Structure formats: structure tokens, C-alpha cells
file query_2.txt (compact mmCIF, C-alpha atoms)
# COMPACT_ATOMS: atom_id res chain seq x y z
CA MET A 1 102.86 141.56 127.14
CA THR A 2 105.80 140.83 129.43
CA THR A 3 108.60 138.60 128.25
CA ARG A 4 107.52 136.13 130.87
CA THR A 5 103.98 135.81 129.48
CA VAL A 6 105.39 135.42 125.99
CA ALA A 7 107.66 132.66 127.21
CA ALA A 8 104.79 131.00 129.03
CA LEU A 9 102.62 131.16 125.92
CA ALA A 10 105.40 129.79 123.79
CA LEU A 11 105.84 126.99 126.27
CA ALA A 12 102.11 126.24 126.25
CA GLY A 13 102.30 126.09 122.47
CA LEU A 14 105.15 123.65 122.71
CA LEU A 15 103.30 121.41 125.11
CA ALA A 16 100.27 121.41 122.83
CA ALA A 17 102.43 120.36 119.88
CA PRO A 18 101.45 116.97 118.47
CA ALA A 19 103.20 114.09 120.13
CA TRP A 20 104.82 112.90 116.92
CA ALA A 21 106.58 116.22 116.42
CA GLU A 22 110.19 116.48 117.45
CA ASP A 23 109.77 116.99 121.17
CA ALA A 24 112.63 117.06 123.64
CA GLU A 25 110.22 116.25 126.46
CA GLU A 26 109.02 112.96 124.99
CA ARG A 27 109.84 110.26 127.44
CA LEU A 28 108.36 106.93 128.44
CA LEU A 29 109.31 105.78 131.90
CA VAL A 30 107.08 102.82 132.72
CA ASN A 31 106.05 102.51 136.37
CA ASP A 32 108.55 105.29 137.14
CA GLU A 33 111.36 102.78 136.71
CA ILE A 34 111.63 101.23 133.23
CA GLU A 35 113.17 103.65 130.72
CA ILE A 36 111.95 102.94 127.18
CA THR A 37 114.25 103.86 124.29
CA LEU A 38 111.89 105.71 121.93
CA ARG A 39 114.46 106.62 119.27
CA ALA A 40 117.62 104.75 118.34
CA PRO A 41 120.18 104.83 115.54
CA ALA A 42 119.00 102.87 112.51
CA PRO A 43 120.66 99.44 112.32
CA GLU A 44 123.40 99.22 109.70
CA HIS A 45 121.59 96.59 107.67
CA LEU A 46 118.91 99.18 106.81
CA ASP A 47 121.48 100.86 104.55
CA GLY A 48 120.21 104.33 105.35
CA ALA A 49 116.54 103.54 104.57
CA LEU A 50 115.57 105.30 107.82
CA PRO A 51 117.45 108.22 109.44
CA GLU A 52 116.64 106.77 112.89
CA ILE A 53 114.24 104.20 114.27
CA VAL A 54 111.28 105.41 116.30
CA SER A 55 108.88 103.50 118.53
CA GLY A 56 105.23 103.36 117.42
CA TRP A 57 104.36 104.87 120.82
CA VAL A 58 105.64 108.25 119.60
CA TYR A 59 102.91 108.45 116.92
CA ARG A 60 99.98 107.76 119.18
CA SER A 61 97.73 110.35 120.84
CA PRO A 62 98.77 111.65 124.28
CA GLU A 63 95.78 109.84 125.84
CA THR A 64 96.83 106.49 124.38
CA GLN A 65 100.46 107.15 125.27
CA ASP A 66 99.63 107.82 128.91
CA LEU A 67 98.04 104.38 129.33
CA GLN A 68 101.44 102.82 128.79
CA ARG A 69 103.16 104.80 131.55
CA ASP A 70 101.80 102.77 134.41
CA ASP A 71 100.73 99.13 134.65
CA PHE A 72 97.64 100.16 136.60
CA ASP A 73 96.41 101.97 133.49
CA ASN A 74 97.63 99.54 130.83
CA PRO A 75 94.74 97.22 129.81
CA GLY A 76 97.28 94.71 128.45
CA ILE A 77 98.59 93.99 131.94
CA LEU A 78 95.32 92.25 132.80
CA TYR A 79 96.30 89.53 130.35
CA VAL A 80 99.83 89.40 131.71
CA ASP A 81 98.31 88.66 135.11
CA GLN A 82 96.21 85.86 133.64
CA ALA A 83 99.35 84.34 132.13
CA ARG A 84 101.09 84.49 135.53
CA GLU A 85 98.45 82.09 136.85
CA VAL A 86 98.86 79.75 133.89
CA TRP A 87 102.64 79.91 134.42
CA ASN A 88 102.18 78.14 137.74
CA ALA A 89 99.55 75.61 136.62
CA ALA A 90 100.44 71.97 135.88
CA LEU A 91 99.14 71.55 132.35
CA GLY A 92 99.91 68.21 130.70
CA SER A 93 100.42 64.52 131.31
CA GLU A 94 103.81 65.19 132.95
CA GLY A 95 102.20 67.20 135.75
CA LYS A 96 104.60 70.08 135.16
CA SER A 97 104.05 73.80 135.02
CA CYS A 98 106.25 76.40 133.35
CA ALA A 99 107.48 77.20 136.85
CA SER A 100 108.69 73.61 137.33
CA CYS A 101 111.48 74.23 134.85
CA HIS A 102 111.90 78.01 134.88
CA ASP A 103 111.18 79.36 138.41
CA ASP A 104 109.38 82.67 138.14
CA PRO A 105 108.53 84.52 134.92
CA GLU A 106 111.19 87.14 135.73
CA SER A 107 113.80 84.46 134.97
CA MET A 108 112.69 84.89 131.33
CA ARG A 109 114.11 88.41 131.18
CA GLY A 110 116.23 88.63 128.03
CA VAL A 111 114.26 86.06 126.03
CA ARG A 112 111.81 88.27 124.13
CA PRO A 113 114.46 90.61 122.62
CA VAL A 114 116.19 87.84 120.63
CA TYR A 115 113.10 86.18 119.10
CA PRO A 116 112.47 84.95 116.47
CA LYS A 117 115.61 82.90 116.84
CA TRP A 118 117.30 79.91 115.18
CA ASP A 119 116.67 76.61 116.99
CA GLU A 120 119.81 74.54 116.48
CA ALA A 121 118.26 71.21 117.54
CA LYS A 122 115.20 71.54 115.30
CA GLY A 123 117.03 73.31 112.50
CA GLU A 124 114.34 75.95 112.15
CA LEU A 125 113.60 79.58 112.90
CA GLN A 126 111.40 79.75 115.96
CA SER A 127 109.05 82.48 117.07
CA LEU A 128 108.21 82.79 120.74
CA GLU A 129 104.90 81.08 119.96
CA MET A 130 106.72 78.07 118.52
CA GLN A 131 109.08 77.84 121.49
CA ILE A 132 106.16 77.99 123.94
CA ASN A 133 104.42 75.19 122.05
CA GLU A 134 107.60 73.13 122.08
CA CYS A 135 107.65 73.36 125.88
CA LEU A 136 103.97 72.48 126.09
CA THR A 137 104.14 69.40 123.87
CA ASP A 138 107.68 68.09 124.37
CA GLN A 139 108.27 68.90 128.05
CA MET A 140 104.85 69.02 129.63
CA GLY A 141 102.86 66.50 127.58
CA ALA A 142 100.22 69.14 126.92
CA GLU A 143 98.31 70.25 123.84
CA ALA A 144 99.86 72.99 121.72
CA TRP A 145 98.13 76.36 121.88
CA GLY A 146 96.79 78.08 118.77
CA TRP A 147 99.07 80.86 117.48
CA ASP A 148 96.38 83.44 118.07
CA SER A 149 94.68 81.83 121.07
CA ASP A 150 94.16 83.80 124.26
CA ASP A 151 96.52 81.52 126.20
CA MET A 152 99.27 82.13 123.65
CA LYS A 153 98.83 85.90 123.41
CA ASN A 154 98.68 86.18 127.19
CA MET A 155 101.87 84.16 127.61
CA THR A 156 103.79 86.13 124.97
CA ALA A 157 102.59 89.31 126.71
CA LEU A 158 103.96 88.02 130.01
CA LEU A 159 107.31 87.16 128.42
CA ALA A 160 107.45 90.58 126.77
CA SER A 161 106.57 92.40 129.98
CA VAL A 162 109.49 90.96 131.95
CA SER A 163 111.93 92.15 129.26
CA ARG A 164 110.60 95.67 129.01
CA GLY A 165 113.31 98.23 128.50
CA MET A 166 115.78 95.77 127.00
CA PRO A 167 116.85 96.45 123.40
CA ILE A 168 115.47 94.26 120.61
CA ASP A 169 118.44 92.29 119.32
CA VAL A 170 117.56 89.61 116.76
CA ALA A 171 120.31 87.89 114.78
CA ILE A 172 120.07 88.18 111.00
CA ASP A 173 123.08 86.25 109.78
CA GLY A 174 124.28 82.65 109.82
CA PRO A 175 121.53 80.04 109.43
CA VAL A 176 118.74 82.65 109.31
CA GLN A 177 120.19 84.81 106.58
CA ASP A 178 118.11 83.35 103.74
CA ILE A 179 114.93 83.67 105.76
CA TRP A 180 115.82 87.26 106.64
CA GLU A 181 116.34 88.05 102.96
CA ARG A 182 112.97 86.53 102.10
CA GLY A 183 111.43 88.77 104.77
CA ARG A 184 113.15 91.82 103.32
CA GLU A 185 111.86 90.96 99.86
CA MET A 186 108.33 90.71 101.26
CA TYR A 187 108.73 94.06 103.02
CA TYR A 188 109.37 95.81 99.74
CA THR A 189 106.84 93.89 97.62
CA ARG A 190 103.85 95.95 96.53
CA TYR A 191 100.98 93.58 97.25
CA GLY A 192 97.37 93.64 96.21
CA GLN A 193 95.22 95.76 93.97
CA LEU A 194 96.39 98.89 95.81
CA GLU A 195 100.02 97.93 95.08
CA LEU A 196 101.33 99.01 98.47
CA SER A 197 104.33 97.55 100.28
CA CYS A 198 105.12 97.77 103.97
CA ALA A 199 107.69 100.38 102.94
CA SER A 200 105.05 102.47 101.10
CA CYS A 201 103.43 103.19 104.43
CA HIS A 202 106.02 102.60 107.15
CA GLU A 203 109.23 103.73 105.45
CA GLN A 204 108.08 106.43 103.01
CA ASN A 205 105.18 107.84 105.00
CA TYR A 206 105.71 107.45 108.72
CA GLY A 207 104.61 110.58 110.53
CA ASN A 208 101.96 111.24 107.86
CA LEU A 209 98.24 110.81 108.33
CA ILE A 210 96.55 108.12 106.27
CA ARG A 211 92.87 108.76 106.84
CA ALA A 212 92.60 109.17 110.64
CA ASP A 213 95.74 107.16 111.43
CA HIS A 214 99.20 108.46 112.04
CA LEU A 215 101.53 106.09 110.28
CA SER A 216 104.38 104.80 112.42
CA GLN A 217 107.47 102.95 111.25
CA GLY A 218 105.59 99.70 111.88
CA HIS A 219 107.96 98.19 114.45
CA THR A 220 107.11 95.11 116.46
CA ASN A 221 108.83 95.92 119.76
CA GLY A 222 105.44 96.59 121.43
CA PHE A 223 103.90 93.20 120.60
CA PRO A 224 101.63 91.68 121.52
CA VAL A 225 99.84 95.04 121.64
CA TYR A 226 96.57 95.81 123.35
CA ARG A 227 94.28 97.41 120.77
CA PHE A 228 91.19 99.41 121.62
CA SER A 229 89.69 98.67 118.22
CA THR A 230 89.51 94.98 119.11
CA THR A 231 89.66 95.37 122.95
CA ALA A 232 92.10 92.49 122.98
CA LEU A 233 95.76 91.60 122.59
CA VAL A 234 96.88 91.37 118.96
CA SER A 235 99.77 89.19 117.78
CA GLN A 236 102.40 90.26 115.28
CA HIS A 237 101.16 87.89 112.59
CA ASN A 238 97.62 89.14 113.02
CA ARG A 239 98.80 92.72 112.54
CA PHE A 240 100.80 91.77 109.42
CA ARG A 241 97.78 89.99 108.00
CA GLY A 242 95.60 93.04 108.56
CA CYS A 243 98.09 95.37 106.92
CA ILE A 244 98.41 93.09 103.88
CA ARG A 245 94.64 92.59 103.63
CA ASP A 246 94.23 96.38 103.59
CA THR A 247 96.14 96.50 100.30
CA ARG A 248 93.33 94.40 98.76
CA ALA A 249 95.69 91.45 98.62
CA GLU A 250 95.46 87.75 99.36
CA THR A 251 96.99 87.59 102.83
CA PHE A 252 99.28 84.95 104.33
CA ALA A 253 98.27 82.50 107.04
CA ILE A 254 99.08 83.23 110.67
CA GLY A 255 102.00 81.01 111.66
CA SER A 256 103.10 80.50 108.03
CA ASP A 257 106.77 80.45 107.03
CA ASP A 258 106.08 83.63 105.06
CA LEU A 259 104.90 85.64 108.04
CA LEU A 260 107.68 84.16 110.17
CA ALA A 261 110.25 85.45 107.67
CA LEU A 262 108.53 88.84 107.72
CA GLU A 263 108.53 88.73 111.53
CA LEU A 264 112.29 88.26 111.60
CA TYR A 265 112.95 91.02 109.09
CA VAL A 266 110.61 93.54 110.72
CA ALA A 267 112.04 92.72 114.17
CA SER A 268 115.54 93.40 112.82
CA ARG A 269 114.48 96.85 111.61
CA GLY A 270 113.73 97.59 115.27
CA ASN A 271 117.03 96.30 116.69
CA GLY A 272 117.89 98.86 119.34
CA LEU A 273 114.37 99.90 120.34
CA SER A 274 113.15 98.70 123.73
CA VAL A 275 110.80 95.81 124.30
CA GLU A 276 107.54 97.57 125.22
CA GLY A 277 104.95 94.80 125.18
CA PRO A 278 102.18 94.77 125.91
CA ALA A 279 102.06 98.24 124.31
CA VAL A 280 98.77 100.12 123.97
CA ARG A 281 97.47 101.04 120.53
CA HIS A 282 94.11 102.20 119.18
CA MET B 1 85.50 71.39 74.26
CA THR B 2 83.03 72.82 76.77
CA ARG B 3 85.77 72.91 79.36
CA PHE B 4 88.04 74.70 76.93
CA ALA B 5 85.32 77.22 76.18
CA LEU B 6 84.84 77.81 79.90
CA ILE B 7 88.53 78.46 80.43
CA LEU B 8 88.48 80.92 77.56
CA ALA B 9 85.46 82.63 79.05
CA LEU B 10 87.17 82.95 82.43
CA ALA B 11 90.29 84.41 80.90
CA ALA B 12 88.38 86.87 78.73
CA PRO B 13 88.81 90.57 79.52
CA LEU B 14 86.21 92.21 81.73
CA PRO B 15 83.00 93.20 79.99
CA VAL B 16 83.09 96.82 78.85
CA LEU B 17 79.94 98.92 78.57
CA ALA B 18 79.03 100.46 75.23
CA GLY B 19 80.55 103.92 74.88
CA GLU B 20 83.36 103.12 77.32
CA ILE B 21 87.07 102.50 76.93
CA GLY B 22 88.10 99.47 79.02
CA PRO B 23 91.27 99.43 81.17
CA HIS B 24 93.15 97.52 78.44
CA ALA B 25 92.27 99.91 75.66
CA VAL B 26 93.30 103.16 77.37
CA THR B 27 96.06 105.11 75.62
CA TYR B 28 98.41 107.16 77.77
CA ASP B 29 100.58 109.77 76.08
CA GLU B 30 104.29 110.02 76.82
CA TYR B 31 103.60 112.09 79.96
CA GLY B 32 100.97 109.69 81.29
CA ALA B 33 97.94 111.79 80.31
CA ILE B 34 94.78 110.39 78.69
CA GLU B 35 93.34 112.75 76.07
CA GLU B 36 90.16 110.92 75.26
CA PRO B 37 87.42 110.72 77.93
CA LEU B 38 86.77 107.12 79.05
CA THR B 39 83.01 107.45 78.52
CA ASP B 40 80.80 109.44 76.20
CA ARG B 41 78.80 110.83 79.13
CA PRO B 42 80.39 113.97 80.64
CA GLY B 43 81.66 113.64 84.22
CA ASP B 44 79.44 114.80 87.08
CA PRO B 45 81.44 116.71 89.73
CA GLU B 46 78.91 115.95 92.48
CA ALA B 47 79.18 112.23 91.84
CA GLY B 48 82.94 112.82 91.87
CA VAL B 49 82.71 114.12 95.45
CA VAL B 50 81.07 110.87 96.51
CA VAL B 51 83.88 108.83 94.93
CA MET B 52 86.54 111.06 96.50
CA THR B 53 85.13 110.73 100.01
CA THR B 54 83.71 107.19 100.17
CA ARG B 55 85.84 104.52 101.80
CA GLY B 56 84.84 101.69 99.48
CA ASP B 57 85.37 103.87 96.37
CA GLY B 58 88.25 106.21 95.56
CA ASN B 59 88.73 107.29 99.16
CA CYS B 60 91.10 109.92 97.77
CA ILE B 61 90.94 112.04 100.92
CA ALA B 62 92.52 109.16 102.86
CA CYS B 63 95.77 110.37 101.28
CA HIS B 64 95.03 113.92 100.05
CA ARG B 65 93.87 117.10 101.76
CA VAL B 66 91.14 118.95 99.84
CA ALA B 67 89.90 122.19 101.41
CA ALA B 68 86.68 122.09 99.32
CA LEU B 69 85.82 118.76 100.98
CA GLU B 70 86.44 120.00 104.53
CA GLU B 71 83.01 118.83 105.71
CA TYR B 72 84.13 115.23 105.23
CA PRO B 73 86.39 114.02 108.06
CA PHE B 74 89.90 112.52 108.02
CA HIS B 75 92.07 113.91 105.25
CA GLY B 76 95.44 112.24 104.83
CA GLU B 77 98.94 113.54 104.12
CA VAL B 78 100.43 110.74 102.03
CA GLY B 79 99.83 112.62 98.76
CA PRO B 80 100.05 116.37 98.07
CA PRO B 81 97.03 118.64 98.85
CA LEU B 82 94.82 118.89 95.76
CA ASP B 83 93.71 122.51 96.25
CA GLY B 84 94.18 124.46 93.03
CA VAL B 85 95.21 121.36 91.08
CA ALA B 86 93.10 122.39 88.05
CA ALA B 87 95.13 125.59 87.78
CA TYR B 88 98.23 123.64 86.73
CA ARG B 89 96.86 120.31 85.41
CA SER B 90 94.70 119.67 82.35
CA ALA B 91 91.73 117.29 82.36
CA ALA B 92 93.81 114.87 80.27
CA GLU B 93 96.60 114.87 82.84
CA LEU B 94 94.19 114.43 85.74
CA ARG B 95 92.45 111.56 83.93
CA GLY B 96 95.81 109.86 83.44
CA ILE B 97 96.86 110.39 87.07
CA VAL B 98 93.62 108.97 88.46
CA ALA B 99 93.55 106.04 86.02
CA ASN B 100 97.18 105.06 86.65
CA ALA B 101 99.41 107.60 88.37
CA LYS B 102 102.45 105.36 87.84
CA GLN B 103 102.49 106.41 84.17
CA MET B 104 103.32 109.97 85.23
CA PHE B 105 105.02 109.34 88.58
CA PRO B 106 106.95 106.05 88.33
CA GLY B 107 107.05 104.24 91.65
CA THR B 108 104.43 106.47 93.26
CA VAL B 109 102.53 105.22 96.29
CA MET B 110 99.24 106.27 94.66
CA PRO B 111 97.17 103.25 93.56
CA ALA B 112 96.02 102.84 89.94
CA PHE B 113 92.25 103.20 89.86
CA TYR B 114 91.71 101.96 86.30
CA LYS B 115 93.80 98.85 86.04
CA SER B 116 92.63 95.25 86.14
CA GLU B 117 95.68 92.99 86.09
CA GLY B 118 99.37 92.64 86.78
CA PHE B 119 99.02 92.62 90.58
CA THR B 120 101.02 90.62 93.14
CA ARG B 121 98.69 88.38 95.18
CA PRO B 122 95.50 90.15 94.15
CA GLY B 123 92.75 89.84 96.74
CA ASP B 124 88.98 89.81 96.64
CA GLY B 125 88.35 93.33 97.98
CA PHE B 126 89.30 93.57 101.65
CA THR B 127 88.46 89.94 102.49
CA GLY B 128 92.07 88.74 102.40
CA GLU B 129 90.97 85.92 100.06
CA ALA B 130 92.58 85.34 96.68
CA ALA B 131 90.98 86.75 93.54
CA THR B 132 91.55 85.87 89.89
CA GLU B 133 92.59 88.51 87.41
CA PRO B 134 91.32 90.43 85.56
CA LEU B 135 89.81 92.24 88.56
CA PRO B 136 87.17 94.92 88.19
CA PRO B 137 89.18 98.18 88.31
CA LEU B 138 88.90 100.12 91.59
CA LEU B 139 86.73 102.73 89.84
CA THR B 140 84.48 102.47 86.78
CA ALA B 141 85.14 104.54 83.68
CA GLN B 142 82.26 106.83 84.64
CA GLN B 143 83.58 107.27 88.19
CA ILE B 144 86.96 108.31 86.79
CA GLU B 145 85.25 110.92 84.60
CA ASP B 146 83.22 112.10 87.62
CA VAL B 147 86.38 112.50 89.72
CA VAL B 148 88.13 114.37 86.91
CA ALA B 149 85.10 116.68 86.59
CA PHE B 150 85.31 117.41 90.32
CA LEU B 151 89.10 117.96 90.25
CA MET B 152 88.58 120.46 87.40
CA THR B 153 86.55 122.60 89.83
CA LEU B 154 89.62 122.96 92.11
CA THR B 155 90.96 126.09 90.43
CA GLU B 156 92.29 127.75 93.57
call {"tool": "encode", "arguments": {"input": "query_2.txt", "output": "C-alpha cells"}}
result
Amino acid sequence: MTTRTVAALALAGLLAAPAWAEDAEERLLVNDEIEITLRAPAPEHLDGALPEIVSGWVYRSPETQDLQRDDFDNPGILYVDQAREVWNAALGSEGKSCASCHDDPESMRGVRPVYPKWDEAKGELQSLEMQINECLTDQMGAEAWGWDSDDMKNMTALLASVSRGMPIDVAIDGPVQDIWERGREMYYTRYGQLELSCASCHEQNYGNLIRADHLSQGHTNGFPVYRFSTTALVSQHNRFRGCIRDTRAETFAIGSDDLLALELYVASRGNGLSVEGPAVRH
Amino acid sequence: MTRFALILALAAPLPVLAGEIGPHAVTYDEYGAIEEPLTDRPGDPEAGVVVMTTRGDGNCIACHRVAALEEYPFHGEVGPPLDGVAAYRSAAELRGIVANAKQMFPGTVMPAFYKSEGFTRPGDGFTGEAATEPLPPLLTAQQIEDVVAFLMTLTE
């Protein structure tokens, strides 16, 4: 065997290596223009709990990964397009559309990375869903959308998509500190008859197989995600509920203060990873 | 009085079959092993395979690789491979680990399969709804013995 064939074989072996393995070639450049940060230094507030933070994309199969490289292949973009139409539609008694106040959806770049975020006027932590509903009811005279309704998931997907590539950057101090601490406590609580915490799976076992699934670090930067298992967009709270239910526990309600606190804490673990939504998952 | 009786009945421990040691009555030694079998019927290794590989039951292979169970798909990596486990563990140790691994490995991720209360937000199976303790343990006493009998066949 010549050295060249050996090298070629070695290279072929490398390329066939599983995607979650350390791989210098791993790169996600969406539409050949948006660079996604797949690995970032762990935020200081994690106190060394993770050596680095890694996007959930890294743990998916190459076939699933590829669907996120181009919007023509990403099934989630269909819903983004639906939301673009709603963006321009006059919805409530005021005869206003989102566009009446905000121009085009691209003007929302920079919004998704900082949510959930403290609303000074209302004195509460707001998720993107809550902010969207505030616009609908208070500005447009329209009905609020359900947290997990198609309209809501589509709109959060649109808002995510225009911020793709920007680093997640939620604030954890000041007025939200108590809520953040509640979220952290939930993250490490071993719920249900299986007595598993988020950390049992996503901090202690990321990279390992659990049944047929490769466990990721459970970040939320890709949400809402398009999931093949449900052939639909899935919200963060829905995902949390599913993970808690799988521990044979009593879950929390979608939109509850509990899941909102968890949303803030989990988002903060991903500070530094890129917004990827709508990401593609199985 | 009837209401009082009802409350008492609800709070009573789970019914235990004759010849079985219930989850409350199990004695672990200082290393977390259980010397005495939980039933007076010997474990059946073939029934143990079913428990090990069935999603609604022990589903042990979701976390553990077992070469002898290769024909069943999807072995996990959360726990150590169990090949050859009987070469370095006694039946008493294996019984203790399956019943409640936290006695031997404090803080382990492995669930306790023979425990009925002391959970945070216990649910009714995988429905997401609340359940009232004591819960039926994840495995019956006989299923634990069956799993132990199967694990004892893993000598290499």
C-alpha cells in the first residue's frame, strides 16, 4: 500500500467518524452565508459544570444536520414563510399588522437572542410568546394566541430565523435573578419515579446514547425546532414538558411560571451559542 | 369514621403478595446488597431478558450495552456495559443494585426499580399526570429476581 492510499483511507475513516466526535471539519454555514457557532466557552455562571457549550446540531445524524444547511431543505422554513404573511395582515380591531409598527421582520434582528427578558413596565419576565401576545392584545386589539398554537410557533420561528447566527445573550441578574435561581434549582431537581434531572441527561451524559438517541446538552438556541417525530414545530415549553414527563413525573403546564423560569435558566446555559431556529431535529 | 377509614386505606402500603418482601421491608447491607431473595420462587433468566429489553418494564438496555442481548436494538451508553458482570458481582449485590442502585452508588443516574415513595412530583406512568404515593415499584419482586437470574448468566 502506498503512503497515499493509507492517507486516503485514514481520511475516509475520519469522514465516516460519527458527527458528535471531535471533528475539525464540523461547520454549519446556513445558506452559504450565516456562520453558526457550534461550540463556545461555557458561561461563567455554570461554574465549570460544562467544559464548553455545544449546539444540539452537533449530536444529530449527518442526514438531519444537512437539512439545516440550506433553507430550501429546512422543513421549518415553510412555517417561517407562513408567519411572513401573517406579519403583514391586519389582525385586530385597530386594523394594524405587525408591519404597521415594525416594518419588515428583518427589523426584529437581535430580539430573539435576549429573550426571555424582564419587562420593566409590566414588572414580569416575558418570553417571546408573551411579548407577541402583548402586541396582539394591547396594540392591535386582537385575540391572544395560544402558547403552542400554530400562529405562535410560526411567528417565534420567523423571529428566530432573522436572528440566526447571533449569540444567545440573556440577562440573569437584576430583577430576574430570583427567577433564574428557581430555574437552576429545577434543572438539578431529580423529578419523577425515575429520579432524573435535566442534568442527569444533558450535563452528565451528553454525547452518550440513551436508547436510540444521542443526548445533547439540551440547549434551546434552535427553538422552535422542526421535529420529524411530530412533523411540526415544537416550542421550548413543549420540549421541557416532554423531557419531564419521560421521568415518570407530573409535568408543568406550558406557559407556567415554572417553565418560564426553566426557560430563562436553560437559555442562559447557552449564552454564546448562535440562534439557529428553526433548527431541525428528529 | 368511614371517611377516616378511607384515608387510612389510601395511605396504607401497597399490597404485597404472599412469599414476597415488599419495597418497605427490604434490608440492604452496608454495601447496598440484598442477601435474601425478594420472592420464594427462583428467578427465571428468560423472563429477565424480557424485563431487560421491554420499554415499559426495566428497559435496562436503554442505558446499558449487553452483548448477549445484541438481537434487541438500541443499547445505550449511560451506564457501564454489563458483559461479565456476574464474574465480579454476587447475586446479592446485583439484587441490591437493581432494587435501588443509590444504596451502592450514591447519586447515580440509575433509577431505583423497587421503591415506591419519596419521589419529587411523582407521575402516573408516562402520562404527565400526578400520582399519589405509594406508587407500584417500577418492577415487581419477581421481575427483580428474574433480572438478577439473567444477570448471573453474564459470566464473561
call {"tool": "residues_around", "arguments": {"input": "query_2.txt", "residues": "segment 234-239 of chain A", "least_positions_apart": "3", "cutoff": "9 Å", "atoms": "all atoms listed in the file", "output": "list in words"}}
result
Trp147, Asp148, Lys153, Thr156, Thr220, Phe223, Pro224, Val225, Tyr226, Arg227, Thr230, Gly242, Cys243, Ile244, Phe252, Ala253, Ile254, Gly255, Ser256, Leu259, Leu260, Leu262 and Glu263 of chain A
call {"tool": "residues_around", "arguments": {"input": "query_2.txt", "residues": "Gly84 of chain B", "least_positions_apart": "3", "cutoff": "12 Å", "atoms": "only C-alpha atoms", "output": "list in words"}}
result
Arg65, Val66, Ala67, Ala68, Pro80, Pro81, Ala87, Tyr88, Arg89, Ser90, Phe150, Leu151, Met152, Thr153, Leu154, Thr155 and Glu156 of chain B
call {"tool": "closest_atom_pairs", "arguments": {"input": "query_2.txt", "of": "chain B", "to": "chain A", "cutoff": "7 Å", "atoms": "all atoms listed in the file", "output": "Markdown table"}}
result
| residue | atom | partner | partner_atom | distance |
| --- | --- | --- | --- | --- |
| B:Ala62 | CA | A:Arg211 | CA | 4.0 |
| B:Cys63 | CA | A:Ile210 | CA | 5.5 |
| B:Phe74 | CA | A:Arg211 | CA | 4.9 |
| B:His75 | CA | A:Arg211 | CA | 5.4 |
| B:Gly76 | CA | A:Ile210 | CA | 4.5 |
| B:Glu77 | CA | A:Leu209 | CA | 5.1 |
| B:Val78 | CA | A:Asn208 | CA | 6.0 |
| B:Val109 | CA | A:Ser200 | CA | 6.1 |
| B:Pro111 | CA | A:Leu194 | CA | 5.0 |
| B:Phe119 | CA | A:Gly192 | CA | 6.0 |
| B:Thr120 | CA | A:Tyr191 | CA | 5.1 |
| B:Arg121 | CA | A:Glu250 | CA | 5.3 |
| B:Pro122 | CA | A:Gly192 | CA | 4.5 |
| B:Gly123 | CA | A:Ala249 | CA | 3.8 |
| B:Asp124 | CA | A:Arg248 | CA | 6.7 |
| B:Gly125 | CA | A:Arg248 | CA | 5.2 |
| B:Phe126 | CA | A:Arg248 | CA | 5.0 |
| B:Thr127 | CA | A:Arg245 | CA | 6.8 |
| B:Gly128 | CA | A:Glu250 | CA | 4.7 |
| B:Glu129 | CA | A:Glu250 | CA | 4.9 |
| B:Ala130 | CA | A:Glu250 | CA | 4.6 |
call {"tool": "write_last_selection", "arguments": {"input": "query_2.txt", "atoms": "C-alpha atoms", "output": "tab-separated table (two decimals), keeping the file's coordinate frame"}}
result
chain	number	residue	atom	x	y	z
B	62	ALA	CA	92.52	109.16	102.86
B	63	CYS	CA	95.77	110.37	101.28
B	74	PHE	CA	89.90	112.52	108.02
B	75	HIS	CA	92.07	113.91	105.25
B	76	GLY	CA	95.44	112.24	104.83
B	77	GLU	CA	98.94	113.54	104.12
B	78	VAL	CA	100.43	110.74	102.03
B	109	VAL	CA	102.53	105.22	96.29
B	111	PRO	CA	97.17	103.25	93.56
B	119	PHE	CA	99.02	92.62	90.58
B	120	THR	CA	101.02	90.62	93.14
B	121	ARG	CA	98.69	88.38	95.18
B	122	PRO	CA	95.50	90.15	94.15
B	123	GLY	CA	92.75	89.84	96.74
B	124	ASP	CA	88.98	89.81	96.64
B	125	GLY	CA	88.35	93.33	97.98
B	126	PHE	CA	89.30	93.57	101.65
B	127	THR	CA	88.46	89.94	102.49
B	128	GLY	CA	92.07	88.74	102.40
B	129	GLU	CA	90.97	85.92	100.06
B	130	ALA	CA	92.58	85.34	96.68
call {"tool": "residues_near_point", "arguments": {"input": "query_2.txt", "point": "(117.5, 99.0, 109.6)", "cutoff": "12 Å", "atoms": "only C-alpha atoms", "output": "PyMOL selection string"}}
result
chain A and resi 40-54+169-170+172+184+199+203+217+219+265-273
call {"tool": "closest_residue", "arguments": {"input": "query_2.txt", "among": "A:Thr137, A:Ser127, A:Asn154, A:Ser216", "to": "Gly92 of chain A", "atoms": "only C-alpha atoms"}}
result
A:Thr137
call {"tool": "residues_around", "arguments": {"input": "query_2.txt", "residues": "segment 23-28 of chain B", "least_positions_apart": "3", "cutoff": "12 Å", "atoms": "all atoms listed in the file", "output": "JSON, numbers by chain"}}
result
{"B": [12, 13, 14, 15, 16, 17, 20, 31, 32, 33, 34, 35, 36, 37, 38, 39, 92, 93, 94, 95, 96, 97, 98, 99, 100, 101, 102, 103, 104, 112, 113, 114, 115, 116, 117, 118, 134, 135, 136, 137, 138, 139, 140, 141, 144]}
call {"tool": "atom_distance", "arguments": {"input": "query_2.txt", "atom1": "atom CA of Ser93 of chain A", "atom2": "atom CA of Met140 of chain A"}}
result
6.5 Å
call {"tool": "atom_distance", "arguments": {"input": "query_2.txt", "atom1": "atom CA of Gly222 of chain A", "atom2": "atom CA of Glu124 of chain A"}}
result
24.3 Å
call {"tool": "atom_distance", "arguments": {"input": "query_2.txt", "atom1": "atom CA of Pro105 of chain A", "atom2": "atom CA of Asp150 of chain A"}}
result
17.9 Å
call {"tool": "axis_aligned_box", "arguments": {"input": "query_2.txt", "around": "segment 40-50 of chain B", "padding_each_side": "6 Å", "output": "JSON"}}
result
{"center_x": 80.9, "center_y": 113.1, "center_z": 86.4, "size_x": 16.1, "size_y": 19.3, "size_z": 32.3}
